[in-house]
Amino acid sequence: MSLTVVLGLLAGCSKGNSATSAVKGEEGGAQTQTQPAAKDVKLTFFNTSAEVNTVFEELFKKYHELNPQVTIELIPTPIGGAQLEKFQSLLASGNPATIVNLDAGTILQYKDDFLNLEPDKAKYEALTNPGAIEGALLDGQFLGIPWTAQGYGLLYNKRAVEEGIGGAFDPASVKTRDDLEAVFKKIEAAGKAPVMVHGADWSLGAHYLGLAYSLQSQKVEDNRKFVEELKNGQVNLTENPQFTGLMDTFDLLKTYNARKSDPLVSDYNRDSADFAKGDAAFYFMGDWSWAVIGPLEGRDEDFGILPLPISNNPDDFGNAQVAYSEPKLFAIDDSKSTPEQQEAAKAFIEWMVTSEDGQKAIITDMGLSMPYKDLKAQSTNIMSNAVSKYVEQGNIINIGVINYLPQDYWAKTGAAMQKYLVGNIDRQGLAQEVQDYWKSYAGK
């Protein structure tokens with residue numbers, strides 16, 4: 001990879017901005033490394049990865065020990081809470097956070113309020129796996145730095161599955177919906193719950209129903225066109241094979257759901273813990289759940305992930321792939337933050353994603369995987385390691401289309417999915433509510 005050599009200091013160094021120094025990159029090139037602030041500066045950090053708030057706080061303390069002139073204050077958000085509303089409130093009040101950890105789609109929506117990181121693009125292209133920065137671009141702009149990569153599908157508890165089926169479990173044996181149902185039937189006959197369906201709107205609307213937009217094509221641009229057709233009323237979902245296949249599988253999950261007596265309780269910690277201890281053999285969720293599962297006492301040891309089969313043709317796209325993305329990006333405020341704060345923010349983010357302390361916090365403590373080359377920590381996240389195998393084989397569903405969807409899509413359509421989950425509407429009613437939602441965005 002050919003790297004750009006950036007020479008000199010950024011404008012405004014005399015006012016206290018951080019300087020940069022050249023560090024050796026690949027193929028003898030050079031890349032700039034942002035240095036910590038030269039004078040006292042306070043940063044605020046808005047975090048939507050609420051399950052790891054405490055890990056971030058410990059990182060901020062460590063960074064302050066190394067750089068006493070930089071203080072970072074966490075602005076936490078609750079799990080599944082009104083995170084977007086809180087971000088909007090801070091922005092509207094003229095007091096936005098210096099650094100945000102946000103969904104890529106939110107950063108795109110508010111792109112005019114964030115710093116263009118194009119000068120740092122070559123540096124991060126050298127630091128990350130091929131395609132990582134390209135995948136993080138928003139309408140071609142480098143506005144957010146990727147720091148984690150995540151995948152989701154059907155997690156499985158190996159002990160629970162094998163006790164249920166009465167023998168060794170080969171995940172490769174599940175290639176179709178009928179294959180999955182056969183496993184579910186055996187597990188239920190053994191007196192165990194086959195699958196855990198988390199009933200929160202974000203899980204149902206974004207992760208599950210969101211697959212309908214990503215399964216149309218392996219190309220994000222084609223999937224964006226499909227969404228535009230939905231907005232223009234050109235799509236009848238009940239005739240769309242990806243939607244109908246996805247919902248046929250959802251009907252299967254509903255039937256064998258461990259929470260079917262009260263499916264909307266939606267206690268993420270409890271659902272994750274019960275799955276981890278074998279109270280359900282499968283769990284529709286992502287590798288991020290390791291942040292809850294990993295530290296649990298009395299949990300099982302062996303876990304893996306299966307693609308969610310959406311048809312009975314093993315060759316159909318989606319049946320052999322897991323959903324994968326860089327769901328959160330670090331972006332820097334450009335509406336109220338000073339140049340000193342912006343440079344200090346750059347330096348902290350770079351330290352976090354490249355230093356041993358930062359990578360250990362992300363990989364070991366948070367249990368997440370990183371799209372970076374020079375990793376100084378070994379992942380203990382069994383589930384993200386399982387996802388990585390699909391990534392290495394190229395068996396992934398690129399869900400990047402979600403970056404271009406309205407920020408309420410998961411809440412609005414998730415509410416419709418909740419109605420369907422409890423039987424308040426049928427398939428036709430669900431399709432109509434989803435189509436009506438998209439038509440409300442016609443011309444936008």
# chains A, B, ... in the order shown; residues from 1 in each chain; ligands from 1
>>> residues_around(residues="segment 419-429 of chain A", least_positions_apart="4", cutoff="10 Å", atoms="only C-alpha atoms", output="PyMOL selection string")
chain A and resi 197+199+204+237-238+244+247-248+250-251+253-255+260-264+413-415+433-435
>>> write_last_selection(atoms="N, CA, C and O atoms", output="compact mmCIF listing (two decimals), in the first residue's frame")
# COMPACT_ATOMS: atom_id res chain seq x y z
N VAL A 197 -35.50 -15.77 21.68
CA VAL A 197 -35.76 -14.62 20.82
C VAL A 197 -35.89 -13.40 21.72
O VAL A 197 -36.80 -13.33 22.55
N GLY A 199 -37.01 -9.87 22.57
CA GLY A 199 -38.16 -9.15 22.04
C GLY A 199 -38.05 -7.64 21.96
O GLY A 199 -39.04 -6.97 21.71
N LEU A 204 -35.47 -6.84 16.98
CA LEU A 204 -36.44 -7.27 15.97
C LEU A 204 -36.44 -6.37 14.73
O LEU A 204 -36.53 -6.85 13.61
N LEU A 237 -44.11 -6.55 -0.17
CA LEU A 237 -43.24 -7.43 0.62
C LEU A 237 -43.74 -8.86 0.67
O LEU A 237 -42.94 -9.80 0.76
N THR A 238 -45.04 -9.04 0.62
CA THR A 238 -45.56 -10.42 0.70
C THR A 238 -45.22 -11.23 -0.55
O THR A 238 -45.40 -12.45 -0.56
N THR A 244 -40.33 -12.91 2.65
CA THR A 244 -41.19 -14.05 3.03
C THR A 244 -40.36 -15.18 3.63
O THR A 244 -40.78 -15.83 4.58
N MET A 247 -39.42 -14.19 7.16
CA MET A 247 -40.54 -14.28 8.09
C MET A 247 -40.98 -15.73 8.31
O MET A 247 -41.48 -16.08 9.39
N ASP A 248 -40.82 -16.60 7.32
CA ASP A 248 -41.09 -18.02 7.54
C ASP A 248 -40.15 -18.57 8.62
O ASP A 248 -40.55 -19.36 9.48
N PHE A 250 -38.80 -16.68 10.93
CA PHE A 250 -39.22 -16.04 12.18
C PHE A 250 -40.39 -16.80 12.81
O PHE A 250 -40.45 -16.95 14.03
N ASP A 251 -41.29 -17.29 11.98
CA ASP A 251 -42.39 -18.10 12.51
C ASP A 251 -41.85 -19.34 13.22
O ASP A 251 -42.40 -19.76 14.26
N LEU A 253 -38.89 -19.54 14.70
CA LEU A 253 -38.31 -19.08 15.96
C LEU A 253 -39.40 -18.78 16.99
O LEU A 253 -39.25 -19.07 18.18
N LYS A 254 -40.51 -18.18 16.54
CA LYS A 254 -41.64 -17.90 17.44
C LYS A 254 -42.17 -19.18 18.07
O LYS A 254 -42.43 -19.24 19.28
N THR A 255 -42.31 -20.20 17.26
CA THR A 255 -42.89 -21.47 17.73
C THR A 255 -42.03 -22.11 18.81
O THR A 255 -42.56 -22.67 19.78
N LYS A 260 -41.82 -17.62 24.71
CA LYS A 260 -43.08 -17.46 24.00
C LYS A 260 -44.27 -17.18 24.91
O LYS A 260 -45.27 -16.61 24.46
N SER A 261 -44.18 -17.50 26.18
CA SER A 261 -45.29 -17.20 27.10
C SER A 261 -45.35 -15.71 27.43
O SER A 261 -46.39 -15.19 27.81
N ASP A 262 -44.22 -15.01 27.29
CA ASP A 262 -44.17 -13.57 27.56
C ASP A 262 -43.04 -12.97 26.72
O ASP A 262 -42.01 -12.56 27.24
N PRO A 263 -43.21 -12.92 25.40
CA PRO A 263 -42.09 -12.62 24.50
C PRO A 263 -41.59 -11.18 24.52
O PRO A 263 -40.52 -10.91 23.97
N LEU A 264 -42.32 -10.26 25.15
CA LEU A 264 -41.89 -8.86 25.12
C LEU A 264 -41.23 -8.40 26.41
O LEU A 264 -41.04 -7.20 26.62
N THR A 413 -40.35 0.01 12.74
CA THR A 413 -40.63 -1.32 12.21
C THR A 413 -40.46 -2.39 13.29
O THR A 413 -41.09 -3.45 13.23
N GLY A 414 -39.62 -2.10 14.27
CA GLY A 414 -39.48 -3.01 15.40
C GLY A 414 -40.77 -3.13 16.19
O GLY A 414 -41.12 -4.20 16.70
N ALA A 415 -41.50 -2.03 16.29
CA ALA A 415 -42.80 -2.06 16.98
C ALA A 415 -43.78 -2.95 16.22
O ALA A 415 -44.58 -3.69 16.82
N GLU A 433 -47.71 -2.55 7.53
CA GLU A 433 -47.15 -1.54 8.43
C GLU A 433 -45.75 -1.15 8.02
O GLU A 433 -45.37 0.03 8.08
N VAL A 434 -44.96 -2.12 7.62
CA VAL A 434 -43.59 -1.84 7.19
C VAL A 434 -43.61 -1.01 5.91
O VAL A 434 -42.88 -0.01 5.76
N GLN A 435 -44.46 -1.38 4.95
CA GLN A 435 -44.55 -0.62 3.70
C GLN A 435 -45.06 0.80 3.96
O GLN A 435 -44.57 1.76 3.35
>>> select_by_dssp(residues="segment 265-305 of chain A", states="strand (DSSP E or B)", output="ChimeraX atom specification")
/A:282-286,303-305
>>> residues_around(residues="Asn240 of chain A", least_positions_apart="2", cutoff="12 Å", atoms="only C-alpha atoms", output="list in words")
Ala212, Tyr213, Leu215, Gln216, Phe226, Leu230, Gln234, Val235, Asn236, Leu237, Thr238, Gln242, Phe243, Thr244, Gly245, Leu246, Met247 and Ala431 of chain A
>>> write_last_selection(atoms="N, CA and C atoms", output="short mmCIF file (atom, residue, chain, number, x, y, z; two decimals), in the first residue's frame")
data_model
loop_
_atom_site.label_atom_id
_atom_site.label_comp_id
_atom_site.auth_asym_id
_atom_site.auth_seq_id
_atom_site.Cartn_x
_atom_site.Cartn_y
_atom_site.Cartn_z
N ALA A 212 -33.89 -8.05 5.76
CA ALA A 212 -34.68 -8.03 4.53
C ALA A 212 -34.11 -7.05 3.51
N TYR A 213 -33.50 -5.96 3.99
CA TYR A 213 -32.93 -4.97 3.08
C TYR A 213 -31.54 -5.40 2.60
N LEU A 215 -30.44 -8.61 2.29
CA LEU A 215 -30.44 -9.89 1.58
C LEU A 215 -30.85 -9.78 0.12
N GLN A 216 -31.29 -8.60 -0.30
CA GLN A 216 -31.72 -8.44 -1.68
C GLN A 216 -30.57 -8.64 -2.65
N PHE A 226 -33.37 -0.88 -3.52
CA PHE A 226 -34.55 -1.60 -3.05
C PHE A 226 -35.31 -0.77 -2.02
N LEU A 230 -39.13 0.69 -2.01
CA LEU A 230 -40.09 0.59 -0.89
C LEU A 230 -40.72 1.95 -0.62
N GLN A 234 -43.26 0.68 -4.68
CA GLN A 234 -43.09 -0.25 -5.79
C GLN A 234 -42.85 -1.69 -5.35
N VAL A 235 -42.85 -1.93 -4.04
CA VAL A 235 -42.55 -3.27 -3.51
C VAL A 235 -43.73 -3.80 -2.71
N ASN A 236 -44.14 -5.01 -3.02
CA ASN A 236 -45.11 -5.73 -2.21
C ASN A 236 -44.32 -6.78 -1.44
N LEU A 237 -44.11 -6.55 -0.17
CA LEU A 237 -43.24 -7.43 0.62
C LEU A 237 -43.74 -8.86 0.67
N THR A 238 -45.04 -9.04 0.62
CA THR A 238 -45.56 -10.42 0.70
C THR A 238 -45.22 -11.23 -0.55
N GLN A 242 -37.10 -12.72 -0.26
CA GLN A 242 -36.22 -12.53 0.90
C GLN A 242 -37.05 -12.22 2.16
N PHE A 243 -38.05 -11.35 2.00
CA PHE A 243 -38.90 -11.02 3.15
C PHE A 243 -39.71 -12.23 3.59
N THR A 244 -40.33 -12.91 2.65
CA THR A 244 -41.19 -14.05 3.03
C THR A 244 -40.36 -15.18 3.63
N GLY A 245 -39.17 -15.41 3.08
CA GLY A 245 -38.31 -16.44 3.63
C GLY A 245 -37.86 -16.10 5.04
N LEU A 246 -37.50 -14.83 5.23
CA LEU A 246 -37.08 -14.37 6.54
C LEU A 246 -38.20 -14.52 7.57
N MET A 247 -39.42 -14.19 7.16
CA MET A 247 -40.54 -14.28 8.09
C MET A 247 -40.98 -15.73 8.31
N ALA A 431 -46.50 -6.70 6.88
CA ALA A 431 -45.97 -6.16 5.62
C ALA A 431 -46.56 -4.78 5.34
#
>>> select_by_dssp(residues="segment 48-159 of chain A", states="alpha helix (DSSP H)", output="MDAnalysis selection string")
chainID A and resid 53:66 83:92 104:109 121:127 132:136 158:159
>>> atom_distance(atom1="atom CA of Leu102 of chain A", atom2="atom CA of Glu343 of chain A")
19.3 Å
>>> closest_atom_pairs(of="segment 260-284 of chain A", to="segment 297-303 of chain A", cutoff="8 Å", atoms="only C-alpha atoms", output="JSON lines")
{"residue": "A:Ala273", "atom": "CA", "partner": "A:Arg299", "partner_atom": "CA", "distance": 7.7}
{"residue": "A:Ala276", "atom": "CA", "partner": "A:Arg299", "partner_atom": "CA", "distance": 5.3}
{"residue": "A:Lys277", "atom": "CA", "partner": "A:Arg299", "partner_atom": "CA", "distance": 4.6}
{"residue": "A:Gly278", "atom": "CA", "partner": "A:Asp300", "partner_atom": "CA", "distance": 7.1}
>>> closest_atom_pairs(of="segment 345-376 of chain A", to="segment 50-62 of chain A", cutoff="8 Å", atoms="only C-alpha atoms", output="JSON lines")
{"residue": "A:Asp357", "atom": "CA", "partner": "A:Leu59", "partner_atom": "CA", "distance": 7.8}
{"residue": "A:Gly358", "atom": "CA", "partner": "A:Leu59", "partner_atom": "CA", "distance": 7.1}
{"residue": "A:Ala361", "atom": "CA", "partner": "A:Val55", "partner_atom": "CA", "distance": 6.7}
{"residue": "A:Asp365", "atom": "CA", "partner": "A:Val55", "partner_atom": "CA", "distance": 6.9}
{"residue": "A:Met366", "atom": "CA", "partner": "A:Val52", "partner_atom": "CA", "distance": 6.3}
>>> residues_around(residues="Gly164 of chain A", least_positions_apart="5", cutoff="9 Å", atoms="only C-alpha atoms", output="PDB file with N, CA and C atoms, in the first residue's frame")
ATOM      1  N   ARG A 159     -23.130 -27.349  24.485  1.00  0.00           N
ATOM      2  CA  ARG A 159     -23.584 -28.375  25.441  1.00  0.00           C
ATOM      3  C   ARG A 159     -25.091 -28.539  25.374  1.00  0.00           C
ATOM      4  N   VAL A 183     -33.538 -29.839  14.112  1.00  0.00           N
ATOM      5  CA  VAL A 183     -32.751 -29.715  15.343  1.00  0.00           C
ATOM      6  C   VAL A 183     -33.627 -29.200  16.476  1.00  0.00           C
ATOM      7  N   PHE A 184     -34.433 -28.173  16.187  1.00  0.00           N
ATOM      8  CA  PHE A 184     -35.339 -27.622  17.201  1.00  0.00           C
ATOM      9  C   PHE A 184     -36.275 -28.694  17.755  1.00  0.00           C
ATOM     10  N   LYS A 186     -35.891 -31.925  17.957  1.00  0.00           N
ATOM     11  CA  LYS A 186     -35.180 -32.860  18.835  1.00  0.00           C
ATOM     12  C   LYS A 186     -34.917 -32.237  20.203  1.00  0.00           C
ATOM     13  N   ILE A 187     -34.531 -30.986  20.200  1.00  0.00           N
ATOM     14  CA  ILE A 187     -34.233 -30.307  21.462  1.00  0.00           C
ATOM     15  C   ILE A 187     -35.496 -30.173  22.299  1.00  0.00           C
ATOM     16  N   GLU A 188     -36.600 -29.784  21.664  1.00  0.00           N
ATOM     17  CA  GLU A 188     -37.860 -29.646  22.400  1.00  0.00           C
ATOM     18  C   GLU A 188     -38.329 -31.004  22.936  1.00  0.00           C
ATOM     19  N   ALA A 189     -38.166 -32.050  22.138  1.00  0.00           N
ATOM     20  CA  ALA A 189     -38.570 -33.391  22.578  1.00  0.00           C
ATOM     21  C   ALA A 189     -37.767 -33.850  23.779  1.00  0.00           C
ATOM     22  N   ALA A 190     -36.556 -33.295  23.923  1.00  0.00           N
ATOM     23  CA  ALA A 190     -35.711 -33.644  25.068  1.00  0.00           C
ATOM     24  C   ALA A 190     -36.046 -32.800  26.296  1.00  0.00           C
ATOM     25  N   GLY A 191     -37.074 -31.956  26.173  1.00  0.00           N
ATOM     26  CA  GLY A 191     -37.508 -31.152  27.310  1.00  0.00           C
ATOM     27  C   GLY A 191     -36.746 -29.860  27.500  1.00  0.00           C
ATOM     28  N   LYS A 192     -36.072 -29.394  26.467  1.00  0.00           N
ATOM     29  CA  LYS A 192     -35.299 -28.156  26.563  1.00  0.00           C
ATOM     30  C   LYS A 192     -35.844 -27.100  25.604  1.00  0.00           C
ATOM     31  N   ALA A 193     -35.567 -25.842  25.904  1.00  0.00           N
ATOM     32  CA  ALA A 193     -36.012 -24.748  25.033  1.00  0.00           C
ATOM     33  C   ALA A 193     -35.052 -24.626  23.856  1.00  0.00           C
ATOM     34  N   PRO A 194     -35.560 -24.698  22.633  1.00  0.00           N
ATOM     35  CA  PRO A 194     -34.664 -24.649  21.471  1.00  0.00           C
ATOM     36  C   PRO A 194     -33.982 -23.300  21.240  1.00  0.00           C
ATOM     37  N   ALA A 281     -30.961 -23.386  23.715  1.00  0.00           N
ATOM     38  CA  ALA A 281     -29.836 -23.925  22.949  1.00  0.00           C
ATOM     39  C   ALA A 281     -29.305 -22.921  21.919  1.00  0.00           C
TER      40      ALA A 281
END
>>> residues_around(residues="Thr176 of chain A", least_positions_apart="3", cutoff="7 Å", atoms="only C-alpha atoms", output="list of chain:residue names")
A:Asp179, A:Leu180, A:Pro309, A:Ser311, A:Asn312, A:Asn313, A:Pro314, A:Asn319
>>> residues_around(residues="Leu127 of chain A", least_positions_apart="6", cutoff="8 Å", atoms="only C-alpha atoms", output="mmCIF file with N, CA, C and O atoms, in the first residue's frame")
data_model
loop_
_atom_site.group_PDB
_atom_site.id
_atom_site.type_symbol
_atom_site.label_atom_id
_atom_site.label_comp_id
_atom_site.auth_asym_id
_atom_site.auth_seq_id
_atom_site.Cartn_x
_atom_site.Cartn_y
_atom_site.Cartn_z
ATOM 1 N N TYR A 372 -8.365 -4.298 12.794
ATOM 2 C CA TYR A 372 -7.007 -3.767 12.734
ATOM 3 C C TYR A 372 -5.991 -4.886 12.522
ATOM 4 O O TYR A 372 -6.221 -6.037 12.912
ATOM 5 N N LYS A 373 -4.856 -4.531 11.926
ATOM 6 C CA LYS A 373 -3.837 -5.520 11.577
ATOM 7 C C LYS A 373 -2.953 -5.894 12.761
ATOM 8 O O LYS A 373 -2.753 -7.068 13.060
ATOM 9 N N ASP A 374 -2.371 -4.918 13.407
ATOM 10 C CA ASP A 374 -1.360 -5.166 14.430
ATOM 11 C C ASP A 374 -2.014 -5.247 15.801
ATOM 12 O O ASP A 374 -1.943 -4.313 16.595
#
>>> closest_residue(among="A:Ser384, A:Asn116, A:Asn67, A:Ser272", to="Tyr324 of chain A", atoms="only C-alpha atoms")
A:Ser384
>>> atom_distance(atom1="atom CA of Gly394 of chain A", atom2="atom CA of Gly131 of chain A")
12.3 Å
>>> residues_around(residues="Asp40 of chain A", least_positions_apart="3", cutoff="10 Å", atoms="only C-alpha atoms", output="list in words")
Gly16, Ala37, Asn67, Pro68, Gln69, Val70, Thr71, Glu340, Gln341 and Ala344 of chain A
>>> atom_distance(atom1="atom CA of Thr106 of chain A", atom2="atom CA of Asn403 of chain A")
7.6 Å
